[in-house]
Amino acid sequence: MKIIHTSDWHLGRRFGPVSLEADQQAFADWFVDLVADHHGDLVVIAGDLYDRAIAPTSAIDLFTDTVARLLDTGAVVAAISGNHDGPSRVAPYDDLMDRSGFYLRGGYRNAGEVIRHEFSDGPLDLVLIPYLDPQGAPTTTASRARIHTTPMRPSCWSDATAAHTSRSSRTRSQR
């Protein structure tokens, strides 16, 4: 299995009056080509997808297009929001997106959910833990009940955590 990890895209970032949109588009093109050339099975994008909580439309369009092109390579994409992202804007439809092979988590609602995905060399449990702002933590019993409550321990030993993506160091014979 090939896992390709990236983070901190900060789409929509500007340096004063200077737009970085063309540079970000060039990066996206390069990255999609990299994933295709290396036949990546899983792409992990670990936070700070956008540069600010309310991203410009052009940044959202670039992210959407890039993820679509990554999925077209045959890779599964797992992404989490970072401290620059607005979690309520990043992952409001995560349950629907899961069906496409694009797993996106932001905020508390599905944080820590174990997602089992079958790859050609066996199953992989993904546990996506986005940046969790303490000020956004649920405060009422009803809102806490909506948080995903599956235990954090995956049901199999081959697991990856998007926050610190790593494949188990055990050899295949030890699994």
# chains A, B, ... in the order shown; residues from 1 in each chain; ligands from 1

$ select_by_dssp --residues "segment 22-78 of chain A" --states "strand (DSSP E)" --output "number ranges by chain"
A: 42-46, 76-78

$ residues_around --residues "Phe63 of chain A" --least-positions-apart "5" --cutoff "9 Å" --atoms "only C-alpha atoms" --output "ChimeraX atom specification"
/A:11,28,49-50,58,68

$ closest_residue --among "A:Ala59, A:Met97, A:Leu34, A:Val90" --to "Tyr131 of chain A" --atoms "only C-alpha atoms"
A:Val90

$ atom_distance --atom1 "atom CA of Gly106 of chain A" --atom2 "atom CA of Val18 of chain A"
28.9 Å

$ residues_around --residues "Arg116 of chain A" --least-positions-apart "2" --cutoff "8 Å" --atoms "only C-alpha atoms" --output "mmCIF file with N, CA and C atoms, in the first residue's frame"
data_model
loop_
_atom_site.group_PDB
_atom_site.id
_atom_site.type_symbol
_atom_site.label_atom_id
_atom_site.label_comp_id
_atom_site.auth_asym_id
_atom_site.auth_seq_id
_atom_site.Cartn_x
_atom_site.Cartn_y
_atom_site.Cartn_z
ATOM 1 N N VAL A 114 -14.045 5.217 13.562
ATOM 2 C CA VAL A 114 -13.190 4.266 12.861
ATOM 3 C C VAL A 114 -13.830 3.970 11.516
ATOM 4 N N GLU A 118 -11.278 -1.188 2.530
ATOM 5 C CA GLU A 118 -10.599 -2.348 1.955
ATOM 6 C C GLU A 118 -9.677 -1.898 0.824
ATOM 7 N N PRO A 123 -7.503 -4.813 4.699
ATOM 8 C CA PRO A 123 -8.256 -3.695 5.273
ATOM 9 C C PRO A 123 -7.340 -2.698 5.985
ATOM 10 N N LEU A 124 -7.810 -1.477 6.037
ATOM 11 C CA LEU A 124 -7.104 -0.426 6.760
ATOM 12 C C LEU A 124 -8.141 0.357 7.540
ATOM 13 N N ASP A 125 -7.921 0.521 8.818
ATOM 14 C CA ASP A 125 -8.797 1.332 9.640
ATOM 15 C C ASP A 125 -8.241 2.747 9.706
ATOM 16 N N LEU A 126 -9.058 3.704 9.325
ATOM 17 C CA LEU A 126 -8.681 5.113 9.386
ATOM 18 C C LEU A 126 -9.387 5.747 10.576
#

$ closest_residue --among "A:Tyr103, A:Asp29, A:Ala78, A:Asp51" --to "Thr6 of chain A" --atoms "only C-alpha atoms"
A:Ala78

$ residues_around --residues "Arg69 of chain A" --least-positions-apart "4" --cutoff "10 Å" --atoms "only C-alpha atoms" --output "PyMOL selection string"
chain A and resi 28-29+32-33+35-36+63-65+73-75

$ closest_residue --among "A:Gly82, A:Gly101, A:Lys2, A:Val127" --to "Asp37 of chain A" --atoms "only C-alpha atoms"
A:Lys2

$ atom_distance --atom1 "atom CA of Leu104 of chain A" --atom2 "atom CA of Val44 of chain A"
9.9 Å

$ atom_distance --atom1 "atom CA of Phe31 of chain A" --atom2 "atom CA of Trp9 of chain A"
11.2 Å

$ residues_around --residues "Asp8 of chain A" --least-positions-apart "5" --cutoff "12 Å" --atoms "only C-alpha atoms" --output "PDB file with C-alpha atoms, in the first residue's frame"
ATOM      1  CA  ARG A  13      -3.509  32.509   1.054  1.00  0.00           C
ATOM      2  CA  GLN A  24      -1.449  26.888  -5.580  1.00  0.00           C
ATOM      3  CA  VAL A  44      -3.865  11.950   3.496  1.00  0.00           C
ATOM      4  CA  ILE A  45      -4.295  15.719   3.785  1.00  0.00           C
ATOM      5  CA  ALA A  46      -3.660  16.608   7.419  1.00  0.00           C
ATOM      6  CA  GLY A  47      -5.180  19.973   8.113  1.00  0.00           C
ATOM      7  CA  ASP A  48      -5.100  23.603   7.087  1.00  0.00           C
ATOM      8  CA  LEU A  49      -6.790  22.958   3.780  1.00  0.00           C
ATOM      9  CA  TYR A  50      -7.628  26.652   3.592  1.00  0.00           C
ATOM     10  CA  ASP A  51      -5.874  29.703   4.953  1.00  0.00           C
ATOM     11  CA  ARG A  52      -8.869  30.982   6.870  1.00  0.00           C
ATOM     12  CA  ALA A  79      -8.556  14.804   5.006  1.00  0.00           C
ATOM     13  CA  ILE A  80      -9.016  16.633   8.274  1.00  0.00           C
ATOM     14  CA  SER A  81      -9.550  20.266   9.112  1.00  0.00           C
ATOM     15  CA  GLY A  82      -6.797  22.215  10.818  1.00  0.00           C
ATOM     16  CA  ASN A  83      -6.797  25.256  13.061  1.00  0.00           C
ATOM     17  CA  HIS A  84      -7.138  27.582  10.032  1.00  0.00           C
ATOM     18  CA  ASP A  85     -10.196  25.786   8.655  1.00  0.00           C
ATOM     19  CA  ALA A 163      -3.408  13.505  12.322  1.00  0.00           C
TER      20      ALA A 163
END
